file protein-v1.pdb (PDB, C-alpha atoms and all ligand atoms)
MODEL        1
ATOM      1  CA  MET A   1       0.000   0.000   0.000
ATOM      2  CA  LYS A   2       1.187   3.503  -0.785
ATOM      3  CA  VAL A   3       1.110   5.972   2.068
ATOM      4  CA  VAL A   4       1.702   9.730   1.998
ATOM      5  CA  ILE A   5       2.946  11.516   5.105
ATOM      6  CA  PRO A   6       2.704  15.314   4.877
ATOM      7  CA  ALA A   7       5.445  16.934   6.963
ATOM      8  CA  ALA A   8       6.027  20.273   5.265
ATOM      9  CA  GLY A   9       4.046  22.589   7.569
ATOM     10  CA  LEU A  10       5.656  25.524   9.340
ATOM     11  CA  GLY A  11       4.733  24.457  12.870
ATOM     12  CA  THR A  12       3.989  28.032  13.903
ATOM     13  CA  ARG A  13       2.178  26.912  17.067
ATOM     14  CA  PHE A  14       5.449  25.487  18.333
ATOM     15  CA  LEU A  15       7.764  28.433  17.705
ATOM     16  CA  PRO A  16      10.558  29.107  18.497
ATOM     17  CA  ALA A  17      11.373  25.352  18.782
ATOM     18  CA  THR A  18      10.326  24.890  15.154
ATOM     19  CA  LYS A  19      12.177  27.871  13.724
ATOM     20  CA  SER A  20      14.906  25.699  12.234
ATOM     21  CA  MET A  21      13.793  22.246  13.364
ATOM     22  CA  PRO A  22      10.902  20.267  11.841
ATOM     23  CA  LYS A  23       8.138  19.748  14.396
ATOM     24  CA  GLU A  24       7.853  16.186  13.090
ATOM     25  CA  MET A  25      11.359  15.584  14.529
ATOM     26  CA  LEU A  26      10.429  16.569  18.091
ATOM     27  CA  PRO A  27      10.921  13.510  20.285
ATOM     28  CA  VAL A  28       8.276  11.599  22.163
ATOM     29  CA  LEU A  29      10.530   9.789  24.617
ATOM     30  CA  ASN A  30      13.500   8.720  22.474
ATOM     31  CA  ARG A  31      11.939   8.735  19.010
ATOM     32  CA  PRO A  32      10.911  11.582  16.748
ATOM     33  CA  VAL A  33       7.163  11.808  16.188
ATOM     34  CA  ILE A  34       7.510  10.960  12.496
ATOM     35  CA  GLN A  35       9.201   7.645  13.314
ATOM     36  CA  TYR A  36       6.048   6.561  15.182
ATOM     37  CA  VAL A  37       4.011   7.646  12.162
ATOM     38  CA  VAL A  38       6.181   5.623   9.779
ATOM     39  CA  GLU A  39       6.025   2.594  12.099
ATOM     40  CA  GLU A  40       2.243   2.932  12.221
ATOM     41  CA  ALA A  41       2.110   3.093   8.413
ATOM     42  CA  ILE A  42       4.233  -0.040   8.032
ATOM     43  CA  ALA A  43       2.196  -1.922  10.646
ATOM     44  CA  GLY A  44      -0.880  -1.042   8.567
ATOM     45  CA  GLY A  45       0.590  -2.493   5.379
ATOM     46  CA  ALA A  46       2.565   0.374   3.828
ATOM     47  CA  ASP A  47       5.400  -0.771   1.591
ATOM     48  CA  ASP A  48       5.850   2.530  -0.228
ATOM     49  CA  ILE A  49       6.022   5.743   1.785
ATOM     50  CA  THR A  50       6.166   9.258   0.395
ATOM     51  CA  ILE A  51       7.071  11.942   2.900
ATOM     52  CA  VAL A  52       6.205  15.483   1.824
ATOM     53  CA  THR A  53       8.892  17.814   3.128
ATOM     54  CA  GLY A  54       9.818  21.416   2.513
ATOM     55  CA  ARG A  55      12.264  24.131   3.435
ATOM     56  CA  GLY A  56      14.151  23.391   6.653
ATOM     57  CA  LYS A  57      13.044  19.736   6.746
ATOM     58  CA  ARG A  58      16.296  18.025   5.797
ATOM     59  CA  ALA A  59      16.483  16.352   9.221
ATOM     60  CA  VAL A  60      13.420  14.272   8.280
ATOM     61  CA  GLU A  61      15.164  12.858   5.209
ATOM     62  CA  ASP A  62      18.369  12.270   7.132
ATOM     63  CA  HIS A  63      16.507  10.385   9.841
ATOM     64  CA  PHE A  64      15.422   7.724   7.348
ATOM     65  CA  ASP A  65      18.896   7.365   5.851
ATOM     66  CA  HIS A  66      22.090   5.669   7.086
ATOM     67  CA  ASN A  67      24.474   7.751   9.167
ATOM     68  CA  PRO A  68      28.043   6.530   8.549
ATOM     69  CA  ASP A  69      29.317   8.541  11.560
ATOM     70  CA  LEU A  70      27.340   6.283  13.885
ATOM     71  CA  GLY A  71      29.246   3.180  12.821
ATOM     72  CA  GLY A  72      28.115   0.019  11.025
ATOM     73  CA  SER A  73      24.462  -0.477  10.492
ATOM     74  CA  GLY A  74      22.678  -0.249  13.788
ATOM     75  CA  THR A  75      25.208  -1.288  16.398
ATOM     76  CA  ARG A  76      22.902   0.089  19.091
ATOM     77  CA  ALA A  77      19.547  -1.583  19.650
ATOM     78  CA  SER A  78      17.643   1.679  19.165
ATOM     79  CA  LEU A  79      19.272   2.247  15.779
ATOM     80  CA  ARG A  80      18.795  -1.361  14.756
ATOM     81  CA  GLU A  81      15.086  -0.944  15.320
ATOM     82  CA  LEU A  82      15.022   2.102  13.043
ATOM     83  CA  GLU A  83      17.055   0.323  10.360
ATOM     84  CA  GLU A  84      14.579  -2.546  10.427
ATOM     85  CA  VAL A  85      11.750  -0.080   9.890
ATOM     86  CA  MET A  86      13.653   1.506   7.006
ATOM     87  CA  GLY A  87      14.083  -1.889   5.372
ATOM     88  CA  LYS A  88      10.357  -2.620   5.300
ATOM     89  CA  ALA A  89       9.273   0.070   2.844
ATOM     90  CA  ALA A  90      10.577   2.129  -0.046
ATOM     91  CA  PHE A  91      10.960   5.760   1.009
ATOM     92  CA  HIS A  92      10.416   8.735  -1.277
ATOM     93  CA  PHE A  93      10.632  12.424  -0.519
ATOM     94  CA  VAL A  94       8.815  15.107  -2.432
ATOM     95  CA  ARG A  95       8.972  18.792  -1.695
ATOM     96  CA  GLN A  96       6.132  21.203  -1.149
ATOM     97  CA  ARG A  97       7.705  24.463  -2.233
ATOM     98  CA  THR A  98       5.381  26.700  -0.234
ATOM     99  CA  PRO A  99       3.365  25.369   2.702
ATOM    100  CA  ARG A 100      -0.053  26.105   1.219
ATOM    101  CA  GLY A 101      -2.084  23.696   3.277
ATOM    102  CA  LEU A 102      -2.508  19.991   3.867
ATOM    103  CA  ALA A 103      -4.412  19.336   0.629
ATOM    104  CA  ASP A 104      -1.715  21.110  -1.368
ATOM    105  CA  ALA A 105       0.925  18.944   0.373
ATOM    106  CA  ILE A 106      -0.934  15.754  -0.583
ATOM    107  CA  ALA A 107      -1.250  16.976  -4.179
ATOM    108  CA  CYS A 108       2.580  17.129  -4.308
ATOM    109  CA  ALA A 109       2.562  13.307  -4.088
ATOM    110  CA  GLU A 110       0.060  12.801  -6.942
ATOM    111  CA  HIS A 111       2.635  11.824  -9.510
ATOM    112  CA  HIS A 112       4.051   9.205  -7.192
ATOM    113  CA  VAL A 113       0.708   7.807  -5.982
ATOM    114  CA  GLY A 114      -0.795   7.378  -9.460
ATOM    115  CA  ASN A 115      -4.249   5.955  -9.945
ATOM    116  CA  GLU A 116      -4.836   3.802  -6.861
ATOM    117  CA  PRO A 117      -6.269   4.282  -3.367
ATOM    118  CA  PHE A 118      -3.662   5.319  -0.808
ATOM    119  CA  GLY A 119      -3.267   6.065   2.876
ATOM    120  CA  VAL A 120      -2.456   9.431   4.455
ATOM    121  CA  LEU A 121      -1.100   9.897   7.981
ATOM    122  CA  LEU A 122      -0.109  13.334   9.288
ATOM    123  CA  GLY A 123       3.537  13.720  10.234
ATOM    124  CA  ASP A 124       2.749  15.274  13.616
ATOM    125  CA  SER A 125       0.051  12.920  14.937
ATOM    126  CA  ILE A 126       0.563   9.511  16.504
ATOM    127  CA  HIS A 127      -2.309   7.024  16.513
ATOM    128  CA  VAL A 128      -2.176   4.153  18.988
ATOM    129  CA  SER A 129      -4.557   1.247  18.416
ATOM    130  CA  GLU A 130      -4.807  -2.519  18.739
ATOM    131  CA  THR A 131      -5.415  -2.973  15.026
ATOM    132  CA  PRO A 132      -3.217  -0.612  12.965
ATOM    133  CA  LEU A 133      -5.288   2.380  11.926
ATOM    134  CA  LEU A 134      -4.588   2.028   8.204
ATOM    135  CA  THR A 135      -5.801  -1.569   8.404
ATOM    136  CA  GLN A 136      -9.007  -0.353  10.072
ATOM    137  CA  LEU A 137      -9.465   2.277   7.332
ATOM    138  CA  ARG A 138      -8.744  -0.084   4.454
ATOM    139  CA  THR A 139     -11.041  -2.775   5.840
ATOM    140  CA  THR A 140     -13.821  -0.196   6.104
ATOM    141  CA  PHE A 141     -13.112   0.988   2.539
ATOM    142  CA  GLU A 142     -13.566  -2.567   1.257
ATOM    143  CA  ARG A 143     -16.591  -3.256   3.473
ATOM    144  CA  MET A 144     -18.305  -0.124   2.101
ATOM    145  CA  GLY A 145     -17.878  -1.253  -1.500
ATOM    146  CA  GLY A 146     -14.315  -0.165  -2.347
ATOM    147  CA  LYS A 147     -15.255   3.048  -4.146
ATOM    148  CA  ALA A 148     -15.394   5.833  -1.563
ATOM    149  CA  SER A 149     -12.661   7.406   0.588
ATOM    150  CA  VAL A 150     -12.650   6.737   4.341
ATOM    151  CA  VAL A 151     -11.605   9.244   7.012
ATOM    152  CA  ALA A 152     -10.718   8.465  10.642
ATOM    153  CA  LEU A 153     -12.987  10.182  13.161
ATOM    154  CA  GLU A 154     -13.058  10.635  16.909
ATOM    155  CA  ARG A 155     -15.784  12.043  19.138
ATOM    156  CA  VAL A 156     -14.860  15.450  20.500
ATOM    157  CA  PRO A 157     -16.696  17.526  23.161
ATOM    158  CA  ARG A 158     -18.869  20.200  21.505
ATOM    159  CA  ASP A 159     -16.923  23.130  22.965
ATOM    160  CA  LYS A 160     -13.683  21.853  21.374
ATOM    161  CA  LEU A 161     -15.037  21.157  17.881
ATOM    162  CA  SER A 162     -14.021  24.575  16.532
ATOM    163  CA  SER A 163     -10.357  23.480  16.459
ATOM    164  CA  TYR A 164     -11.029  20.548  14.104
ATOM    165  CA  GLY A 165     -12.400  19.510  10.744
ATOM    166  CA  VAL A 166     -15.857  18.245  11.749
ATOM    167  CA  ALA A 167     -17.964  15.577  10.005
ATOM    168  CA  GLY A 168     -21.676  14.909  10.170
ATOM    169  CA  GLY A 169     -23.763  12.285   8.414
ATOM    170  CA  THR A 170     -25.934   9.188   8.631
ATOM    171  CA  PRO A 171     -24.797   6.191  10.702
ATOM    172  CA  VAL A 172     -24.195   3.017   8.698
ATOM    173  CA  ASP A 173     -23.428   1.018  11.859
ATOM    174  CA  LEU A 174     -21.918   1.683  15.283
ATOM    175  CA  GLN A 175     -18.504   2.664  13.879
ATOM    176  CA  VAL A 176     -19.178   3.994  10.401
ATOM    177  CA  ILE A 177     -21.068   7.034   9.147
ATOM    178  CA  ARG A 178     -21.829   8.046   5.597
ATOM    179  CA  VAL A 179     -20.502  11.586   5.619
ATOM    180  CA  GLU A 180     -22.920  14.266   4.443
ATOM    181  CA  ARG A 181     -21.203  17.434   5.623
ATOM    182  CA  LEU A 182     -17.633  18.379   6.421
ATOM    183  CA  VAL A 183     -16.699  21.763   7.866
ATOM    184  CA  GLU A 184     -13.197  22.959   8.758
ATOM    185  CA  LYS A 185     -13.020  24.617  12.214
ATOM    186  CA  PRO A 186     -16.755  25.421  12.507
ATOM    187  CA  LYS A 187     -18.299  27.834  14.996
ATOM    188  CA  PRO A 188     -20.095  25.693  17.635
ATOM    189  CA  ALA A 189     -23.510  26.463  16.120
ATOM    190  CA  ASP A 190     -22.360  25.417  12.618
ATOM    191  CA  ALA A 191     -20.766  22.075  13.562
ATOM    192  CA  PRO A 192     -22.426  19.355  11.449
ATOM    193  CA  GLY A 193     -21.846  16.657  14.099
ATOM    194  CA  ASP A 194     -19.687  15.768  17.069
ATOM    195  CA  THR A 195     -17.018  13.751  15.284
ATOM    196  CA  ALA A 196     -13.721  15.283  14.176
ATOM    197  CA  LEU A 197     -11.144  14.292  11.575
ATOM    198  CA  THR A 198      -8.051  12.931  13.328
ATOM    199  CA  GLY A 199      -5.522  13.116  10.504
ATOM    200  CA  ALA A 200      -5.677   9.612   9.031
ATOM    201  CA  TYR A 201      -7.277   8.818   5.688
ATOM    202  CA  TYR A 202      -7.676   6.135   3.041
ATOM    203  CA  LEU A 203      -8.321   8.105  -0.125
ATOM    204  CA  THR A 204      -9.271   7.334  -3.695
ATOM    205  CA  PRO A 205      -7.240   9.077  -6.420
ATOM    206  CA  ALA A 206     -10.332  11.237  -7.122
ATOM    207  CA  ILE A 207      -9.066  13.396  -4.258
ATOM    208  CA  PHE A 208      -6.459  14.919  -6.585
ATOM    209  CA  GLY A 209      -9.107  16.364  -8.926
ATOM    210  CA  ALA A 210     -11.075  17.571  -5.889
ATOM    211  CA  ILE A 211      -7.967  19.318  -4.523
ATOM    212  CA  ARG A 212      -7.381  21.046  -7.865
ATOM    213  CA  ALA A 213     -10.979  22.275  -7.830
ATOM    214  CA  THR A 214     -10.761  23.599  -4.257
ATOM    215  CA  PRO A 215      -9.899  27.281  -3.846
ATOM    216  CA  PRO A 216      -7.528  28.343  -1.059
ATOM    217  CA  ASP A 217      -9.045  29.673   2.167
ATOM    218  CA  ARG A 218      -8.536  33.181   3.567
ATOM    219  CA  LYS A 219      -5.053  32.252   4.773
ATOM    220  CA  GLY A 220      -4.093  31.023   1.293
ATOM    221  CA  GLU A 221      -4.161  27.342   2.338
ATOM    222  CA  VAL A 222      -5.999  24.578   0.487
ATOM    223  CA  GLN A 223      -7.757  22.555   3.180
ATOM    224  CA  LEU A 224      -8.151  18.803   2.813
ATOM    225  CA  THR A 225     -11.509  19.046   4.587
ATOM    226  CA  ASP A 226     -12.791  21.328   1.781
ATOM    227  CA  ALA A 227     -11.496  18.974  -0.927
ATOM    228  CA  LEU A 228     -13.114  15.996   0.841
ATOM    229  CA  ALA A 229     -16.387  17.925   1.011
ATOM    230  CA  ARG A 230     -16.363  17.900  -2.799
ATOM    231  CA  LEU A 231     -15.976  14.115  -2.826
ATOM    232  CA  VAL A 232     -19.002  13.832  -0.514
ATOM    233  CA  ALA A 233     -21.090  15.163  -3.388
ATOM    234  CA  THR A 234     -19.587  12.849  -6.022
ATOM    235  CA  GLU A 235     -18.294   9.383  -5.089
ATOM    236  CA  GLY A 236     -19.122   9.731  -1.368
ATOM    237  CA  VAL A 237     -16.996   9.618   1.807
ATOM    238  CA  TYR A 238     -17.296   7.340   4.839
ATOM    239  CA  GLY A 239     -16.141   8.174   8.357
ATOM    240  CA  LEU A 240     -14.786   5.518  10.702
ATOM    241  CA  ILE A 241     -14.898   6.158  14.448
ATOM    242  CA  PHE A 242     -11.669   4.293  14.887
ATOM    243  CA  GLU A 243     -10.623   2.038  17.720
ATOM    244  CA  GLY A 244      -7.659   3.639  19.467
ATOM    245  CA  ARG A 245      -6.358   7.024  20.455
ATOM    246  CA  ARG A 246      -4.750   9.960  18.693
ATOM    247  CA  TYR A 247      -1.895  12.060  20.044
ATOM    248  CA  ASP A 248      -1.509  15.347  18.210
ATOM    249  CA  THR A 249       1.908  16.830  19.007
ATOM    250  CA  GLY A 250       1.498  20.170  17.253
ATOM    251  CA  THR A 251       1.605  22.452  20.319
ATOM    252  CA  PRO A 252       3.889  22.395  23.393
ATOM    253  CA  LEU A 253       1.070  21.249  25.679
ATOM    254  CA  LEU A 254      -0.156  18.473  23.356
ATOM    255  CA  TRP A 255       3.416  17.322  22.825
ATOM    256  CA  LEU A 256       3.998  17.296  26.588
ATOM    257  CA  GLU A 257       0.816  15.279  27.091
ATOM    258  CA  ALA A 258       1.966  12.714  24.506
ATOM    259  CA  ASN A 259       5.316  12.401  26.303
ATOM    260  CA  VAL A 260       3.702  11.934  29.712
ATOM    261  CA  ARG A 261       1.210   9.358  28.465
ATOM    262  CA  PHE A 262       3.831   7.393  26.537
ATOM    263  CA  ALA A 263       6.188   7.501  29.538
ATOM    264  CA  LEU A 264       3.462   6.186  31.846
ATOM    265  CA  ARG A 265       2.906   3.216  29.530
ATOM    266  CA  ASP A 266       6.595   2.383  29.258
ATOM    267  CA  PRO A 267       8.182   0.352  32.101
ATOM    268  CA  ALA A 268      11.551   2.013  31.378
ATOM    269  CA  TYR A 269      10.158   5.426  32.387
ATOM    270  CA  ARG A 270       6.957   4.836  34.334
ATOM    271  CA  ASP A 271       8.080   4.572  37.967
ATOM    272  CA  ARG A 272      10.529   7.453  37.824
ATOM    273  CA  VAL A 273       8.005   9.699  36.064
ATOM    274  CA  ILE A 274       5.373   9.012  38.749
ATOM    275  CA  GLU A 275       8.009   9.784  41.384
ATOM    276  CA  ILE A 276       8.876  13.079  39.677
ATOM    277  CA  PHE A 277       5.193  14.056  39.629
ATOM    278  CA  ARG A 278       4.760  13.144  43.303
ATOM    279  CA  GLU A 279       7.879  15.057  44.312
ATOM    280  CA  SER A 280       7.031  18.129  42.322
ATOM    281  CA  THR A 281       3.374  18.235  43.428
ATOM    282  CA  ARG A 282       4.541  17.955  47.037
ATOM    283  CA  ALA A 283       7.120  20.712  46.537
ATOM    284  CA  GLU A 284       4.543  22.822  44.722
ATOM    285  CA  SER A 285       1.924  22.598  47.507
ATOM    286  CA  ALA A 286       4.586  23.234  50.185
ATOM    287  CA  THR A 287       5.335  26.606  48.586
ATOM    288  CA  ARG A 288       1.677  27.647  48.398
ATOM    289  CA  PRO A 289       0.850  29.560  51.591
ATOM    290  CA  SER A 290      -2.936  29.120  51.096
ATOM    291  CA  GLU A 291      -2.515  25.358  51.338
ATOM    292  CA  ALA A 292      -0.344  25.428  54.463
ATOM    293  CA  PRO A 293      -2.007  23.724  57.416
ATOM    294  CA  ALA A 294      -3.633  26.090  59.914
ATOM    295  CA  PRO A 295      -1.320  26.871  62.842
TER     296      PRO A 295
HETATM  297  P1  LIG B 301      -0.826  21.367  10.759
HETATM  298  O1  LIG B 301      -1.817  22.329  10.265
HETATM  299  O2  LIG B 301      -0.975  20.844  12.134
HETATM  300  O3  LIG B 301       0.672  21.888  10.635
HETATM  301  O4  LIG B 301      -0.719  20.207   9.702
HETATM  302  P2  LIG B 301       1.314  23.317  10.532
HETATM  303  O5  LIG B 301       0.658  24.146   9.508
HETATM  304  O6  LIG B 301       2.760  23.029  10.383
HETATM  305  O7  LIG B 301       1.030  23.857  12.021
HETATM  306  P3  LIG B 301       0.864  25.317  12.592
HETATM  307  O8  LIG B 301      -0.623  25.573  12.570
HETATM  308  O9  LIG B 301       1.663  26.287  11.748
HETATM  309  O10 LIG B 301       1.390  25.215  13.991
HETATM  310  C1  LIG B 301      -0.700  18.821   9.987
HETATM  311  C2  LIG B 301       0.390  18.117   9.176
HETATM  312  O11 LIG B 301       0.347  18.509   7.806
HETATM  313  C3  LIG B 301       1.598  19.026   7.381
HETATM  314  C4  LIG B 301       2.322  19.430   8.662
HETATM  315  O12 LIG B 301       3.730  19.341   8.496
HETATM  316  C5  LIG B 301       1.787  18.460   9.706
HETATM  317  O13 LIG B 301       2.568  17.302   9.804
HETATM  318  N1  LIG B 301       1.419  20.172   6.451
HETATM  319  C6  LIG B 301       0.630  21.218   6.801
HETATM  320  C7  LIG B 301       2.095  20.176   5.260
HETATM  321  O14 LIG B 301       2.817  19.215   4.907
HETATM  322  N2  LIG B 301       1.971  21.263   4.432
HETATM  323  C8  LIG B 301       1.199  22.329   4.759
HETATM  324  O15 LIG B 301       1.129  23.293   3.960
HETATM  325  C9  LIG B 301       0.507  22.300   5.983
ENDMDL
END
call {"tool": "encode", "arguments": {"input": "protein-v1.pdb", "output": "structure tokens", "more": "lines below"}}
Ligand code: UTP
result
Amino acid sequence: MKVVIPAAGLGTRFLPATKSMPKEMLPVLNRPVIQYVVEEAIAGGADDITIVTGRGKRAVEDHFDHNPDLGGSGTRASLRELEEVMGKAAFHFVRQRTPRGLADAIACAEHHVGNEPFGVLLGDSIHVSETPLLTQLRTTFERMGGKASVVALERVPRDKLSSYGVAGGTPVDLQVIRVERLVEKPKPADAPGDTALTGAYYLTPAIFGAIRATPPDRKGEVQLTDALARLVATEGVYGLIFEGRRYDTGTPLLWLEANVRFALRDPAYRDRVIEIFRESTRAESATRPSEAPAP
């Protein structure tokens, strides 16, 4: 399966860390976010991965290449793991010259993808699930007749919907909806439903025509949500409320949350991290006069 990973965005919500460093290379524990994304793609059946990069993103390409300065291939276990990942798929890099939105980034991979359905995973979002997310999406694609794109959805509280692309439609079963409306970052009153796009897709090649037909928004970006909305009216789009959890790492707080949650699940970090929290909460309350016990 071909998979496209857009990683050319500017990461403005994470400045100044992302001034010269790709946000996709920020680490969650000891691995850059994009390594998790690539591992997720391979677990879901990707054997051909196109990463869309741009200015200042050389570190992404270098990460998936050999580094002769570090000695023979993967002498350390952590590097061996990465080399194994690299051996499981063909890697391609295409450049988005100007970061003009997610849809524009995906269009940069059109030539490489050709005329077949393909997966898309965002370079700054990690999905954790029992069954790899791309497998869930592809299975749904086939179950729904193999002709319409499938987007991953998660339920989001109403007051948070305005930060997401939001989908509304008719339920097909407990997990799948036939999408009828898609709105990017709606005002609460305009949200077409309570499920949001999480940044994982299984798309038909018709998306490329839809992207070409989609005008840029006020910020000059071509939104994938708007291009998908065009497909709703033609070949249709299904939404899968996927099994698993998404970790967006695009802001300092979200990135910190991903680190804490991953550390708490990992025996190598867990106990010490809990200790650090206990110690610092104790120290924190000791310095707060209002919480001091009454004399
Ligand atoms: P985001 O919208 O979260 O990334 O896109 P951004 O634009 O870099 O973030 P901010 O808002 O400025 O902080 C999600 C994914 O799509 C890629 C990003 O690199 C990220 O992995 N993307 C986004 C592109 O490849 N090209 C773009 O023009 C925009």
call {"tool": "residues_around", "arguments": {"input": "protein-v1.pdb", "residues": "region 143-149 of chain A", "least_positions_apart": "6", "cutoff": "6 Å", "atoms": "all atoms listed in the file", "output": "short mmCIF file (atom, residue, chain, number, x, y, z; two decimals) with C-alpha atoms, in the coordinates of the input"}}
result
data_model
loop_
_atom_site.label_atom_id
_atom_site.label_comp_id
_atom_site.auth_asym_id
_atom_site.auth_seq_id
_atom_site.Cartn_x
_atom_site.Cartn_y
_atom_site.Cartn_z
CA TYR A 202 -7.68 6.14 3.04
CA LEU A 203 -8.32 8.10 -0.12
CA THR A 204 -9.27 7.33 -3.70
CA GLU A 235 -18.29 9.38 -5.09
CA GLY A 236 -19.12 9.73 -1.37
CA VAL A 237 -17.00 9.62 1.81
#
call {"tool": "residues_near_point", "arguments": {"input": "protein-v1.pdb", "point": "(4.7, 17.2, 2.4)", "cutoff": "7 Å", "atoms": "only C-alpha atoms", "output": "MDAnalysis selection string"}}
result
chainID A and resid 5:8 51:54 94:96 105:106
call {"tool": "residues_near_ligand", "arguments": {"input": "protein-v1.pdb", "ligand": "ligand LIG 301 (chain B)", "cutoff": "8 Å", "atoms": "only C-alpha atoms and all ligand atoms", "output": "PyMOL selection string"}}
result
chain A and resi 5-14+22-24+52-54+96+98-106+122-125+199+221+250-251
call {"tool": "closest_residue", "arguments": {"input": "protein-v1.pdb", "among": "A:Thr140, A:Arg246, A:Ile276, A:Lys57", "to": "Asp173 (chain A)", "atoms": "all atoms listed in the file"}}
result
A:Thr140
call {"tool": "residues_near_point", "arguments": {"input": "protein-v1.pdb", "point": "(-4.3, -6.2, 16.0)", "cutoff": "12 Å", "atoms": "all atoms listed in the file", "output": "JSON, numbers by chain"}}
result
{"A": [40, 43, 44, 128, 129, 130, 131, 132, 133, 134, 135, 136, 243, 244]}
call {"tool": "resolve_selection", "arguments": {"input": "protein-v1.pdb", "expression": "the PyMOL selection byres (((chain A and resi 76-89) around 12) and not hetatm)", "output": "PyMOL selection string"}}
result
chain A and resi 1-3+30-32+34-50+61-67+70-75+90-92
call {"tool": "atom_distance", "arguments": {"input": "protein-v1.pdb", "atom1": "CA of Ala167 (chain A)", "atom2": "CA of Phe141 (chain A)"}}
result
17.1 Å
call {"tool": "closest_residue", "arguments": {"input": "protein-v1.pdb", "among": "A:Asp266, A:Glu275, A:Asp226, A:Glu257", "to": "Ile207 (chain A)", "atoms": "only C-alpha atoms"}}
result
A:Asp226
call {"tool": "residues_around", "arguments": {"input": "protein-v1.pdb", "residues": "Arg261 (chain A)", "least_positions_apart": "4", "cutoff": "12 Å", "atoms": "only C-alpha atoms", "output": "number ranges by chain"}}
result
A: 28-29, 126, 128, 245-247, 254-257, 265-267, 269-270, 273-274
call {"tool": "axis_aligned_box", "arguments": {"input": "protein-v1.pdb", "around": "region 152-165 of chain A", "padding_each_side": "3 Å", "output": "lines of an AutoDock Vina configuration file"}}
result
center_x = -14.6
center_y = 16.5
center_z = 16.9
size_x = 14.5
size_y = 22.1
size_z = 18.5
call {"tool": "atom_distance", "arguments": {"input": "protein-v1.pdb", "atom1": "CA of Leu121 (chain A)", "atom2": "CA of Ala189 (chain A)"}}
result
29.0 Å
call {"tool": "atom_distance", "arguments": {"input": "protein-v1.pdb", "atom1": "CA of Ala227 (chain A)", "atom2": "CA of Ala210 (chain A)"}}
result
5.2 Å
call {"tool": "residues_around", "arguments": {"input": "protein-v1.pdb", "residues": "Pro157 (chain A)", "least_positions_apart": "6", "cutoff": "12 Å", "atoms": "only C-alpha atoms", "output": "VMD selection string"}}
result
chain A and resid 163 to 164 166 188 191 193 to 196
call {"tool": "closest_residue", "arguments": {"input": "protein-v1.pdb", "among": "A:Thr139, A:Val33, A:Gly168, A:Gly56", "to": "Arg97 (chain A)", "atoms": "only C-alpha atoms"}}
result
A:Gly56
call {"tool": "resolve_selection", "arguments": {"input": "protein-v1.pdb", "expression": "the PyMOL selection byres (((chain A and resi 169) around 10) and not hetatm)", "output": "PyMOL selection string"}}
result
chain A and resi 167-168+170-172+176-182+192-193+195+237-239
call {"tool": "residues_around", "arguments": {"input": "protein-v1.pdb", "residues": "Leu153 (chain A)", "least_positions_apart": "2", "cutoff": "7 Å", "atoms": "only C-alpha atoms", "output": "list in words"}}
result
Val151, Arg155, Thr195, Ala196, Leu197, Thr198, Gly239, Leu240, Ile241 and Phe242 of chain A
